[in-house]
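Participant: As input, take target33.txt (compact mmCIF, C-alpha atoms):
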```
# COMPACT_ATOMS: atom_id res chain seq x y z
CA MET B 1 136.74 94.49 167.32
CA THR B 2 135.41 91.97 164.85
CA THR B 3 136.61 88.38 165.05
CA ASP B 4 135.49 87.48 161.54
CA SER B 5 138.61 86.66 159.48
CA SER B 6 136.85 86.39 156.12
CA PRO B 7 137.68 88.81 153.29
CA ARG B 8 134.30 90.48 153.86
CA ALA B 9 135.25 91.49 157.42
CA GLN B 10 138.08 93.83 156.44
CA GLU B 11 138.97 95.99 153.51
CA ALA B 12 142.27 96.98 151.95
CA PRO B 13 144.11 99.76 153.82
CA LEU B 14 143.22 103.31 152.85
CA LEU B 15 146.79 104.59 153.22
CA LEU B 16 150.08 103.08 152.11
CA SER B 17 151.53 103.04 155.63
CA THR B 18 148.74 100.84 157.07
CA GLU B 19 149.41 97.13 157.52
CA PRO B 20 147.22 95.04 155.17
CA PRO B 21 144.83 92.42 156.54
CA ARG B 22 146.04 88.88 155.79
CA THR B 23 142.66 87.27 155.18
CA PHE B 24 142.98 85.68 151.72
CA GLY B 25 143.23 81.92 151.79
CA PHE B 26 143.98 79.60 148.90
CA ALA B 27 140.36 79.58 147.62
CA ASP B 28 140.17 83.39 147.59
CA GLN B 29 143.41 83.84 145.66
CA ALA B 30 142.69 80.93 143.29
CA ALA B 31 139.23 82.31 142.48
CA PHE B 32 140.64 85.78 141.84
CA TRP B 33 143.35 84.56 139.47
CA THR B 34 141.00 82.10 137.78
CA ASN B 35 138.69 84.96 136.86
CA LEU B 36 141.58 87.06 135.55
CA GLY B 37 142.74 84.12 133.42
CA VAL B 38 139.45 84.04 131.49
CA SER B 39 139.07 87.03 129.19
CA LEU B 40 137.38 88.08 125.97
CA ILE B 41 140.80 89.44 124.99
CA GLY B 42 142.21 85.97 125.60
CA PHE B 43 139.84 84.46 123.04
CA THR B 44 141.11 86.95 120.47
CA GLY B 45 144.73 86.45 121.55
CA ALA B 46 144.40 82.78 120.62
CA THR B 47 144.70 83.99 117.02
CA TYR B 48 148.40 84.72 117.52
CA VAL B 49 149.02 81.37 119.17
CA LEU B 50 147.32 79.43 116.42
CA GLN B 51 149.20 81.41 113.77
CA PRO B 52 152.02 83.69 114.99
CA PRO B 53 152.61 86.67 112.66
CA GLY B 54 155.02 85.76 109.86
CA TYR B 55 154.60 81.99 110.31
CA ASP B 56 152.36 79.24 109.00
CA ARG B 57 149.50 78.02 111.14
CA LEU B 58 150.53 75.61 113.88
CA PRO B 59 149.12 72.08 114.01
CA LEU B 60 146.43 71.77 116.68
CA LEU B 61 148.79 69.82 118.95
CA GLY B 62 151.43 72.53 118.51
CA ALA B 63 148.97 75.30 119.44
CA VAL B 64 147.84 73.37 122.52
CA LEU B 65 151.41 72.68 123.64
CA ALA B 66 152.50 76.30 123.03
CA THR B 67 149.57 77.53 125.13
CA VAL B 68 150.40 75.21 128.02
CA VAL B 69 154.15 75.93 128.04
CA GLY B 70 153.83 79.70 127.59
CA THR B 71 151.10 80.02 130.20
CA ILE B 72 152.89 78.02 132.89
CA VAL B 73 156.21 79.83 132.39
CA GLY B 74 154.52 83.25 132.33
CA THR B 75 152.33 82.50 135.34
CA SER B 76 155.39 81.36 137.28
CA MET B 77 156.85 84.83 136.75
CA VAL B 78 153.60 86.38 138.01
CA ALA B 79 153.65 84.09 141.07
CA ALA B 80 157.26 85.05 141.80
CA ALA B 81 156.38 88.75 141.77
CA GLY B 82 153.33 88.00 143.89
CA ALA B 83 155.47 86.09 146.39
CA VAL B 84 157.44 89.28 147.05
CA GLY B 85 154.22 91.10 147.90
CA ALA B 86 153.06 88.26 150.12
CA GLY B 87 156.38 88.43 151.94
CA THR B 88 156.57 92.20 152.45
CA GLY B 89 152.86 93.02 152.71
CA ALA B 90 153.46 95.97 150.39
CA PRO B 91 151.71 96.68 147.06
CA ALA B 92 153.58 96.08 143.81
CA MET B 93 155.10 99.49 143.14
CA ALA B 94 155.98 100.11 146.79
CA ASN B 95 158.15 96.98 146.69
CA PHE B 96 160.40 98.75 144.21
CA ARG B 97 161.37 101.12 147.03
CA GLY B 98 163.37 98.23 148.44
CA LEU B 99 164.92 97.50 145.06
CA PHE B 100 165.70 101.04 143.81
CA GLY B 101 164.99 103.37 146.70
CA THR B 102 161.91 105.56 147.10
CA LYS B 103 162.74 108.22 144.53
CA LEU B 104 163.90 105.82 141.81
CA SER B 105 160.86 103.60 142.40
CA GLY B 106 158.94 106.36 140.65
CA LEU B 107 160.30 105.16 137.30
CA PRO B 108 158.44 101.83 137.17
CA THR B 109 155.51 103.43 138.99
CA VAL B 110 154.90 106.03 136.26
CA ALA B 111 155.21 103.34 133.57
CA ASN B 112 152.69 101.16 135.38
CA VAL B 113 150.21 104.01 135.85
CA VAL B 114 150.24 104.69 132.11
CA GLN B 115 149.99 100.98 131.34
CA CYS B 116 147.13 100.25 133.77
CA ILE B 117 145.03 103.23 132.68
CA GLY B 118 145.59 102.20 129.06
CA TRP B 119 144.55 98.62 129.66
CA GLY B 120 141.60 99.86 131.71
CA VAL B 121 140.44 101.81 128.66
CA TYR B 122 141.03 98.72 126.52
CA GLU B 123 138.92 96.54 128.83
CA LEU B 124 136.04 99.00 128.83
CA THR B 125 136.22 99.02 125.03
CA VAL B 126 136.15 95.21 124.92
CA ILE B 127 133.16 95.09 127.29
CA ALA B 128 131.32 97.58 125.08
CA ALA B 129 132.11 95.42 122.03
CA GLY B 130 130.78 92.35 123.84
CA ILE B 131 127.57 94.18 124.74
CA ALA B 132 127.24 95.33 121.12
CA ALA B 133 127.56 91.73 119.93
CA LEU B 134 124.98 90.56 122.47
CA THR B 135 122.43 93.24 121.61
CA SER B 136 123.12 93.66 117.88
CA ASP B 137 124.31 97.23 118.55
CA ARG B 138 121.07 98.25 120.27
CA VAL B 139 122.92 99.61 123.32
CA PRO B 140 124.84 102.84 122.51
CA HIS B 141 128.61 102.62 122.92
CA ALA B 142 128.68 105.46 125.46
CA VAL B 143 126.03 103.83 127.66
CA ALA B 144 127.91 100.53 127.72
CA VAL B 145 131.24 102.21 128.52
CA ILE B 146 129.80 104.37 131.31
CA ALA B 147 127.97 101.44 132.91
CA ALA B 148 131.10 99.27 132.81
CA GLY B 149 133.24 102.15 134.09
CA VAL B 150 130.96 102.84 137.05
CA LEU B 151 130.84 99.16 138.00
CA SER B 152 134.63 98.79 137.70
CA THR B 153 135.21 101.87 139.85
CA VAL B 154 132.84 100.71 142.57
CA MET B 155 134.57 97.33 142.60
CA ALA B 156 137.97 99.05 142.95
CA ILE B 157 136.78 100.95 146.03
CA TRP B 158 135.84 97.71 147.82
CA PRO B 159 138.41 95.24 146.39
CA MET B 160 138.41 92.63 149.14
CA HIS B 161 134.63 92.38 149.11
CA VAL B 162 134.88 91.83 145.35
CA VAL B 163 137.30 88.92 145.81
CA GLY B 164 134.80 87.32 148.20
CA ILE B 165 132.03 87.65 145.59
CA LEU B 166 134.30 86.22 142.89
CA ARG B 167 135.05 83.19 145.05
CA ARG B 168 131.46 82.47 146.03
CA TYR B 169 129.53 83.17 142.86
CA VAL B 170 131.33 84.48 139.78
CA THR B 171 133.93 81.71 139.46
CA VAL B 172 131.18 79.08 139.49
CA ALA B 173 129.14 80.93 136.84
CA VAL B 174 132.20 81.41 134.63
CA GLY B 175 133.12 77.73 134.97
CA ILE B 176 129.62 76.68 133.90
CA ALA B 177 129.70 79.04 130.89
CA MET B 178 133.14 77.85 129.80
CA LEU B 179 132.14 74.20 130.17
CA TYR B 180 128.95 74.73 128.17
CA PHE B 181 130.80 76.40 125.29
CA THR B 182 133.53 73.76 125.32
CA VAL B 183 131.08 70.86 125.11
CA GLN B 184 128.97 72.51 122.41
CA MET B 185 131.97 73.45 120.23
CA LEU B 186 133.61 70.04 120.54
CA ARG B 187 130.38 68.40 119.40
CA GLN B 188 130.95 70.01 116.01
CA PRO B 189 133.65 68.54 113.76
CA LEU B 190 136.76 70.71 113.51
CA PRO B 191 137.53 71.99 109.99
CA ASP B 192 140.75 71.09 108.23
CA LEU B 193 143.65 73.31 109.33
CA GLY B 194 145.20 73.39 105.88
CA GLN B 195 148.96 73.87 105.60
CA THR B 196 150.61 73.77 109.02
CA SER B 197 154.15 74.01 110.36
CA TRP B 198 155.91 73.79 113.73
CA SER B 199 158.25 76.68 112.80
CA GLY B 200 156.14 79.17 114.75
CA PHE B 201 156.04 77.11 117.95
CA LEU B 202 158.38 79.24 120.09
CA PRO B 203 156.87 82.56 118.89
CA ALA B 204 153.49 81.10 119.87
CA VAL B 205 154.89 80.16 123.29
CA ASP B 206 156.15 83.72 123.67
CA THR B 207 152.68 85.07 122.86
CA ALA B 208 151.00 83.01 125.59
CA LEU B 209 153.83 83.87 127.97
CA ALA B 210 153.58 87.59 127.26
CA VAL B 211 149.85 87.67 128.04
CA ALA B 212 150.40 85.97 131.38
CA VAL B 213 153.27 88.25 132.45
CA SER B 214 151.14 91.34 131.76
CA PHE B 215 149.87 90.80 135.33
CA VAL B 216 153.38 90.89 136.82
CA PRO B 217 153.21 94.58 137.85
CA LEU B 218 149.79 94.00 139.46
CA ALA B 219 150.32 90.73 141.33
CA ALA B 220 151.56 92.01 144.69
CA ASP B 221 148.59 94.38 145.01
CA TYR B 222 146.49 91.29 145.75
CA THR B 223 148.91 88.69 147.09
CA ARG B 224 149.88 91.08 149.92
CA HIS B 225 146.63 90.00 151.56
CA SER B 226 147.51 86.29 151.46
CA ARG B 227 148.01 84.33 154.64
CA SER B 228 151.37 83.01 153.44
CA VAL B 229 153.81 83.12 150.54
CA LYS B 230 153.01 79.49 149.68
CA VAL B 231 149.29 80.22 149.50
CA ALA B 232 149.88 83.21 147.22
CA GLY B 233 152.28 81.39 144.89
CA GLY B 234 150.35 78.14 144.62
CA ALA B 235 146.97 79.78 144.10
CA THR B 236 148.34 82.13 141.44
CA VAL B 237 150.00 79.38 139.40
CA ILE B 238 147.09 76.95 139.60
CA GLY B 239 144.23 79.43 139.25
CA TYR B 240 145.62 81.54 136.42
CA SER B 241 147.28 78.69 134.49
CA VAL B 242 144.16 76.53 134.37
CA ALA B 243 141.97 79.47 133.37
CA GLN B 244 144.21 80.92 130.65
CA ILE B 245 144.95 77.52 129.11
CA TRP B 246 141.24 76.73 129.00
CA CYS B 247 140.41 80.20 127.65
CA TYR B 248 143.00 79.99 124.86
CA LEU B 249 142.08 76.46 123.85
CA LEU B 250 138.41 77.43 123.65
CA GLY B 251 139.43 80.48 121.61
CA ILE B 252 141.43 78.29 119.22
CA ILE B 253 138.45 75.98 118.68
CA ALA B 254 136.15 78.96 118.14
CA LEU B 255 138.58 80.44 115.62
CA LEU B 256 138.73 77.20 113.66
CA HIS B 257 134.94 77.25 113.34
CA VAL B 258 135.06 80.72 111.72
CA GLY B 259 138.01 80.04 109.45
CA GLY B 260 140.53 81.80 111.72
CA ASP B 261 138.87 85.22 111.33
CA PRO B 262 139.12 87.04 114.72
CA ASN B 263 136.47 89.55 113.62
CA GLN B 264 133.90 86.74 113.65
CA LEU B 265 135.11 85.16 116.89
CA PHE B 266 132.17 86.26 119.04
CA ASP B 267 129.81 84.82 116.41
CA SER B 268 131.10 81.35 117.31
CA PHE B 269 129.77 81.77 120.83
CA LEU B 270 126.52 83.52 119.94
CA GLY B 271 125.73 80.98 117.21
CA ILE B 272 125.40 78.17 119.77
CA THR B 273 121.98 77.35 121.20
CA ALA B 274 121.39 79.63 124.22
CA GLY B 275 124.93 80.87 123.69
CA TRP B 276 123.92 84.47 124.38
CA VAL B 277 123.09 83.58 127.99
CA PHE B 278 126.53 82.15 128.75
CA PHE B 279 128.28 84.78 126.65
CA ALA B 280 126.55 87.43 128.76
CA VAL B 281 128.18 85.84 131.82
CA LEU B 282 131.61 86.21 130.22
CA VAL B 283 130.93 89.82 129.22
CA LEU B 284 129.82 90.74 132.75
CA ARG B 285 132.81 88.89 134.20
CA GLU B 286 135.14 91.02 132.06
CA THR B 287 134.60 93.85 134.54
CA ASP B 288 137.00 92.16 136.96
CA GLN B 289 139.77 92.86 134.43
CA SER B 290 138.95 96.56 134.30
CA PHE B 291 138.48 96.58 138.10
CA ALA B 292 142.00 95.15 138.54
CA ASN B 293 143.46 97.85 136.29
CA VAL B 294 141.65 100.67 138.12
CA TYR B 295 142.58 99.37 141.58
CA SER B 296 146.22 98.70 140.68
CA THR B 297 146.52 102.17 139.16
CA ALA B 298 145.31 103.62 142.45
CA MET B 299 147.80 101.48 144.38
CA SER B 300 150.60 102.59 142.05
CA LEU B 301 149.68 106.23 142.58
CA GLN B 302 149.83 105.67 146.33
CA ASN B 303 153.53 104.94 145.98
CA LEU B 304 153.85 108.55 144.75
CA LEU B 305 151.10 109.95 147.01
CA PRO B 306 151.25 107.75 150.13
CA ARG B 307 149.01 109.99 152.25
CA VAL B 308 146.09 110.12 149.80
CA ASP B 309 143.10 107.82 150.42
CA ARG B 310 143.16 104.99 147.83
CA ARG B 311 139.37 105.32 147.38
CA ILE B 312 139.82 108.87 146.08
CA LEU B 313 142.57 107.72 143.74
CA ALA B 314 140.43 104.81 142.48
CA ALA B 315 137.50 107.13 141.79
CA VAL B 316 139.69 109.55 139.83
CA VAL B 317 141.29 106.74 137.83
CA GLY B 318 137.90 105.17 137.09
CA VAL B 319 136.54 108.46 135.77
CA LEU B 320 139.63 109.04 133.60
CA ALA B 321 139.51 105.54 132.10
CA THR B 322 135.80 105.89 131.37
CA VAL B 323 136.18 109.31 129.73
CA PHE B 324 139.08 108.10 127.58
CA ALA B 325 137.14 104.98 126.53
CA LEU B 326 134.13 106.97 125.32
CA ASN B 327 135.90 107.95 122.11
CA VAL B 328 137.82 104.73 121.52
CA ARG B 329 136.64 102.32 118.85
CA ASP B 330 139.83 101.11 117.15
CA PHE B 331 142.39 100.15 119.77
CA SER B 332 144.96 98.39 117.59
CA SER B 333 147.66 101.09 117.42
CA TYR B 334 147.46 101.99 121.11
CA ALA B 335 147.56 98.32 122.09
CA ASN B 336 150.98 98.09 120.42
CA PHE B 337 152.15 101.02 122.54
CA LEU B 338 150.87 99.35 125.71
CA LEU B 339 152.73 96.15 124.83
CA LEU B 340 155.88 98.24 124.46
CA ILE B 341 155.39 99.67 127.94
CA GLY B 342 154.64 96.21 129.29
CA SER B 343 157.98 94.94 128.00
CA VAL B 344 159.77 96.92 130.71
CA PHE B 345 158.23 94.76 133.42
CA VAL B 346 159.48 91.37 132.23
CA PRO B 347 163.18 92.08 132.95
CA LEU B 348 162.21 94.25 135.92
CA THR B 349 160.52 91.26 137.55
CA ALA B 350 163.70 89.22 137.25
CA VAL B 351 165.68 91.98 138.99
CA LEU B 352 163.03 92.23 141.72
CA VAL B 353 162.84 88.50 142.40
CA VAL B 354 166.60 87.82 142.38
CA ASP B 355 167.40 90.74 144.68
CA TYR B 356 164.55 89.91 147.06
CA PHE B 357 165.25 86.19 147.45
CA PHE B 358 169.04 86.18 147.02
CA GLY B 359 170.18 89.74 147.69
CA ARG B 360 169.29 92.48 150.13
CA GLY B 361 165.69 91.36 150.35
CA ARG B 362 166.75 88.42 152.51
CA THR B 363 167.65 90.76 155.37
CA GLY B 364 164.72 93.10 154.82
CA TRP B 365 164.26 95.90 152.36
CA ASP B 366 163.76 99.49 153.38
CA LEU B 367 160.28 100.38 152.11
CA SER B 368 159.99 103.65 153.98
CA ASP B 369 159.45 107.09 152.45
CA ASN B 370 163.18 107.77 152.89
CA SER B 371 164.60 104.57 151.42
CA PRO B 372 168.00 105.47 149.91
CA ALA B 373 168.59 105.28 146.17
CA ARG B 374 170.26 102.17 144.68
CA PRO B 375 171.06 103.25 141.10
CA ILE B 376 173.24 100.16 140.49
CA MET B 377 170.05 98.09 140.30
CA LEU B 378 168.96 100.05 137.21
CA LEU B 379 171.78 98.41 135.25
CA PRO B 380 170.46 94.81 135.12
CA TRP B 381 167.00 96.19 134.36
CA ALA B 382 168.42 98.14 131.42
CA ILE B 383 170.31 95.08 130.18
CA GLY B 384 167.16 92.97 130.20
CA PHE B 385 165.17 95.70 128.46
CA VAL B 386 167.76 95.97 125.67
CA VAL B 387 167.71 92.19 125.18
CA TYR B 388 163.92 92.30 124.92
CA GLN B 389 163.95 95.03 122.27
CA LEU B 390 166.67 93.29 120.25
CA CYS B 391 164.48 90.18 120.19
CA ASN B 392 161.14 91.93 119.70
CA PRO B 393 161.04 95.71 119.15
CA GLY B 394 157.26 95.61 118.81
CA SER B 395 155.00 97.28 116.26
CA VAL B 396 155.23 100.98 117.11
CA SER B 397 156.78 102.18 113.85
CA TRP B 398 159.24 104.85 115.03
CA TRP B 399 160.44 102.69 117.92
CA ALA B 400 160.68 99.46 115.88
CA ASP B 401 162.60 101.24 113.08
CA ARG B 402 165.30 102.40 115.48
CA TRP B 403 165.77 98.96 117.00
CA THR B 404 165.78 97.36 113.55
CA GLY B 405 168.71 99.62 112.70
CA ILE B 406 170.50 98.51 115.87
CA GLN B 407 169.81 94.86 114.98
CA ASP B 408 171.37 95.40 111.55
CA ALA B 409 174.41 97.13 113.05
CA LEU B 410 174.99 94.33 115.55
CA GLY B 411 174.08 91.52 113.17
CA VAL B 412 171.42 90.29 115.60
CA HIS B 413 168.16 89.15 114.07
CA PRO B 414 165.32 87.26 115.80
CA THR B 415 164.59 83.78 114.52
CA TRP B 416 162.07 81.02 115.23
CA TRP B 417 163.74 80.06 118.52
CA THR B 418 163.86 83.63 119.88
CA SER B 419 161.74 84.43 122.94
CA ALA B 420 161.91 88.09 123.93
CA SER B 421 160.20 87.57 127.29
CA LEU B 422 162.25 84.55 128.33
CA PHE B 423 165.60 85.85 127.07
CA SER B 424 165.19 89.27 128.69
CA PHE B 425 164.08 87.69 131.97
CA LEU B 426 167.12 85.42 132.06
CA ALA B 427 169.52 88.22 131.06
CA ALA B 428 168.21 90.60 133.72
CA GLY B 429 168.21 87.86 136.34
CA ALA B 430 171.79 86.85 135.54
CA ALA B 431 172.96 90.48 135.62
CA THR B 432 171.28 90.96 138.99
CA GLY B 433 172.99 87.81 140.24
CA VAL B 434 176.35 89.33 139.29
CA VAL B 435 175.52 92.48 141.28
CA VAL B 436 174.42 90.42 144.28
CA VAL B 437 177.56 88.28 144.25
CA GLY B 438 179.77 91.33 143.75
CA ARG B 439 178.20 93.06 146.75
CA ARG B 440 178.83 90.02 148.97
CA ARG B 441 182.48 89.90 147.97
```
Can the structure from this file be put into structure tokens for me?
Facilitator:
Amino acid sequence: MTTDSSPRAQEAPLLLSTEPPRTFGFADQAAFWTNLGVSLIGFTGATYVLQPPGYDRLPLLGAVLATVVGTIVGTSMVAAAGAVGAGTGAPAMANFRGLFGTKLSGLPTVANVVQCIGWGVYELTVIAAGIAALTSDRVPHAVAVIAAGVLSTVMAIWPMHVVGILRRYVTVAVGIAMLYFTVQMLRQPLPDLGQTSWSGFLPAVDTALAVAVSFVPLAADYTRHSRSVKVAGGATVIGYSVAQIWCYLLGIIALLHVGGDPNQLFDSFLGITAGWVFFAVLVLRETDQSFANVYSTAMSLQNLLPRVDRRILAAVVGVLATVFALNVRDFSSYANFLLLIGSVFVPLTAVLVVDYFFGRGRTGWDLSDNSPARPIMLLPWAIGFVVYQLCNPGSVSWWADRWTGIQDALGVHPTWWTSASLFSFLAAGAATGVVVVGRRR
């Protein structure tokens, strides 16, 4: 038996019933979350922080503050969900067996499978777009997608080895690239912002928060390998917060240099001396985003198919994501649908965390294949979801129209201080607290 305790010495369990190795220290987890916090999508997402839809552009100080506040609050939610995984040793969707029972845990599992495959397709599309920008469209779209898909799938088969590589090499390279771009862009005078207003501050906070919490249903898949709950929580908050804040601030600066046009965002990076070299690092690094989606899809499927080897599931998911991405060029409409699916996990996280730390989770959840159903826990989840949709029904036309009608009937209309993510999280958490207290009495 090997005595090496490094992440390279052991791999993630092949079956759901196998105990996970607890080999990830603070540096491993921090490096992993740091890399996830830097994204080409994040640079584009800075557009909606700088100028939330329906509002005037924020002052630079307002955009910076909104990024910091939204990121830290959102990452705290991710860390809380990850702490549950670090405590139980179970992957994200399997933890919902303790919350809802095994059969009902299939509800969030199916939603997460759809979401993760969708975002995996999105990431492959973004990588292909980055390669196109680097090579002036010399590399065919299909070649770029297939290459990225194969690499992501291979990474998902050996996830713990990948985390070791991220810690030793990739994080350093990404840090150098980000620092180079930051210094070069700050050397150029920032253009005038024009008319600005603080009215969009809280919507901008919600945007940064929403991006961070998109990793909530994935967190436990990786923190389950942490040596302690404190290591998992601290590394997640520090690693992801620093990276996303830096990524968004760099994206805001880049946007200002191209007049706020997101379609020219990559030109800001490629227009810098030797910028293509460092941009290539960021494009290659983007594969860890697609890897995370492929691996977490496989782990979610294991909650439904606990006796199937996760490597087989990862290979199937990787092939599906790659095939779907081959014909995707315009992702805008589907991205809105994915955000709608993602909204179910914000209130769900509140229910999970409250019940785990203050309810039945304190005495140990039943995560077995025969865990009994707890339908009462669906109620606070539903309450939080309704609050989210009343605050932000999204951009899928048929869905948004229905919720707009409900808003009119109830006389509830979102305003500048409305935060869908925060309000739904608090509502679901409070409702769960009521259930917990009622059970004790």
Participant: Select, from B:Gln29, B:Thr404, B:Thr322, B:Ser39, the residue with the minimum atom-to-atom distance to Ala142 of chain B, counting only C-alpha atoms.
Facilitator: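 Using only C-alpha atoms, the shortest distance to Ala142 of chain B belongs to B:Thr322.
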Participant: Emit as lines of an AutoDock Vina configuration file the padded axis-aligned box for all listed atoms of segment 11-16 of chain B, 8 Å per side, with centre and edge lengths in Å to one decimal.
Facilitator:
```
center_x = 144.5
center_y = 100.3
center_z = 152.9
size_x = 27.1
size_y = 24.6
size_z = 17.9
```
Participant: Excluding segment 397-399 of chain B and any residue of its chain fewer than 4 positions from it, enumerate the residues within 12 Å of it, using only C-alpha atoms, and give them as a PDB file with C-alpha atoms, keeping the file's coordinate frame.
Facilitator:
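Ended up saving to around-v4.pdb:
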```
ATOM      1  CA  SER B 333     147.660 101.090 117.420  1.00  0.00           C
ATOM      2  CA  TYR B 334     147.460 101.990 121.110  1.00  0.00           C
ATOM      3  CA  ASN B 336     150.980  98.090 120.420  1.00  0.00           C
ATOM      4  CA  PHE B 337     152.150 101.020 122.540  1.00  0.00           C
ATOM      5  CA  LEU B 340     155.880  98.240 124.460  1.00  0.00           C
ATOM      6  CA  ILE B 341     155.390  99.670 127.940  1.00  0.00           C
ATOM      7  CA  GLN B 389     163.950  95.030 122.270  1.00  0.00           C
ATOM      8  CA  LEU B 390     166.670  93.290 120.250  1.00  0.00           C
ATOM      9  CA  ASN B 392     161.140  91.930 119.700  1.00  0.00           C
ATOM     10  CA  PRO B 393     161.040  95.710 119.150  1.00  0.00           C
ATOM     11  CA  TRP B 403     165.770  98.960 117.000  1.00  0.00           C
ATOM     12  CA  THR B 404     165.780  97.360 113.550  1.00  0.00           C
ATOM     13  CA  GLY B 405     168.710  99.620 112.700  1.00  0.00           C
ATOM     14  CA  ILE B 406     170.500  98.510 115.870  1.00  0.00           C
TER      15      ILE B 406
END
```
Participant: Excluding Asn112 of chain B and its own-chain neighbours fewer than 2 positions away, which residues fall within 8 Å of it when counting all atoms listed in the file? Please give them as a VMD selection string.
Facilitator: chain B and resid 108 to 110 114 to 116 217 297 300
Participant: If we count only C-alpha atoms and set the cut-off at 9 Å, which residues sit around Leu265 of chain B, ignoring sequence neighbours fewer than 5 positions away in its own chain? Please answer as a PyMOL selection string.
Facilitator: chain B and resi 43-44+251+254-255+257-258+260
Participant: Taking the structure in the block just given, could you write segment 159-164 of chain B with all heavy atoms, as a PDB file, in the first residue's frame?
Facilitator:
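So the final result, stored in part_34.pdb, reads:
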```pdb
ATOM      1  N   PRO B 159      -9.458  13.257 -12.202  1.00  0.00           N
ATOM      2  CA  PRO B 159      -9.660  14.593 -11.619  1.00  0.00           C
ATOM      3  C   PRO B 159      -8.649  14.993 -10.556  1.00  0.00           C
ATOM      4  O   PRO B 159      -8.231  16.142 -10.494  1.00  0.00           O
ATOM      5  CB  PRO B 159     -11.074  14.501 -11.037  1.00  0.00           C
ATOM      6  CG  PRO B 159     -11.286  13.045 -10.786  1.00  0.00           C
ATOM      7  CD  PRO B 159     -10.577  12.354 -11.901  1.00  0.00           C
ATOM      8  N   MET B 160      -8.244  14.065  -9.708  1.00  0.00           N
ATOM      9  CA  MET B 160      -7.330  14.438  -8.628  1.00  0.00           C
ATOM     10  C   MET B 160      -5.918  14.696  -9.149  1.00  0.00           C
ATOM     11  O   MET B 160      -5.186  15.524  -8.616  1.00  0.00           O
ATOM     12  CB  MET B 160      -7.335  13.360  -7.541  1.00  0.00           C
ATOM     13  CG  MET B 160      -8.702  13.230  -6.874  1.00  0.00           C
ATOM     14  SD  MET B 160      -8.753  12.091  -5.490  1.00  0.00           S
ATOM     15  CE  MET B 160      -7.884  13.045  -4.242  1.00  0.00           C
ATOM     16  N   HIS B 161      -5.532  14.000 -10.190  1.00  0.00           N
ATOM     17  CA  HIS B 161      -4.265  14.306 -10.847  1.00  0.00           C
ATOM     18  C   HIS B 161      -4.303  15.712 -11.446  1.00  0.00           C
ATOM     19  O   HIS B 161      -3.323  16.449 -11.407  1.00  0.00           O
ATOM     20  CB  HIS B 161      -3.965  13.285 -11.954  1.00  0.00           C
ATOM     21  CG  HIS B 161      -3.500  11.957 -11.446  1.00  0.00           C
ATOM     22  ND1 HIS B 161      -4.322  11.116 -10.719  1.00  0.00           N
ATOM     23  CD2 HIS B 161      -2.303  11.321 -11.541  1.00  0.00           C
ATOM     24  CE1 HIS B 161      -3.643  10.019 -10.405  1.00  0.00           C
ATOM     25  NE2 HIS B 161      -2.424  10.119 -10.891  1.00  0.00           N
ATOM     26  N   VAL B 162      -5.465  16.068 -11.997  1.00  0.00           N
ATOM     27  CA  VAL B 162      -5.622  17.396 -12.598  1.00  0.00           C
ATOM     28  C   VAL B 162      -5.454  18.488 -11.556  1.00  0.00           C
ATOM     29  O   VAL B 162      -4.799  19.505 -11.800  1.00  0.00           O
ATOM     30  CB  VAL B 162      -6.995  17.510 -13.284  1.00  0.00           C
ATOM     31  CG1 VAL B 162      -7.307  18.953 -13.669  1.00  0.00           C
ATOM     32  CG2 VAL B 162      -7.043  16.620 -14.519  1.00  0.00           C
ATOM     33  N   VAL B 163      -6.043  18.295 -10.375  1.00  0.00           N
ATOM     34  CA  VAL B 163      -5.911  19.297  -9.315  1.00  0.00           C
ATOM     35  C   VAL B 163      -4.444  19.477  -8.933  1.00  0.00           C
ATOM     36  O   VAL B 163      -3.978  20.594  -8.682  1.00  0.00           O
ATOM     37  CB  VAL B 163      -6.756  18.901  -8.088  1.00  0.00           C
ATOM     38  CG1 VAL B 163      -6.487  19.848  -6.915  1.00  0.00           C
ATOM     39  CG2 VAL B 163      -8.234  18.930  -8.441  1.00  0.00           C
ATOM     40  N   GLY B 164      -3.685  18.378  -8.899  1.00  0.00           N
ATOM     41  CA  GLY B 164      -2.255  18.485  -8.612  1.00  0.00           C
ATOM     42  C   GLY B 164      -1.512  19.303  -9.661  1.00  0.00           C
ATOM     43  O   GLY B 164      -0.647  20.118  -9.335  1.00  0.00           O
TER      44      GLY B 164
END
```
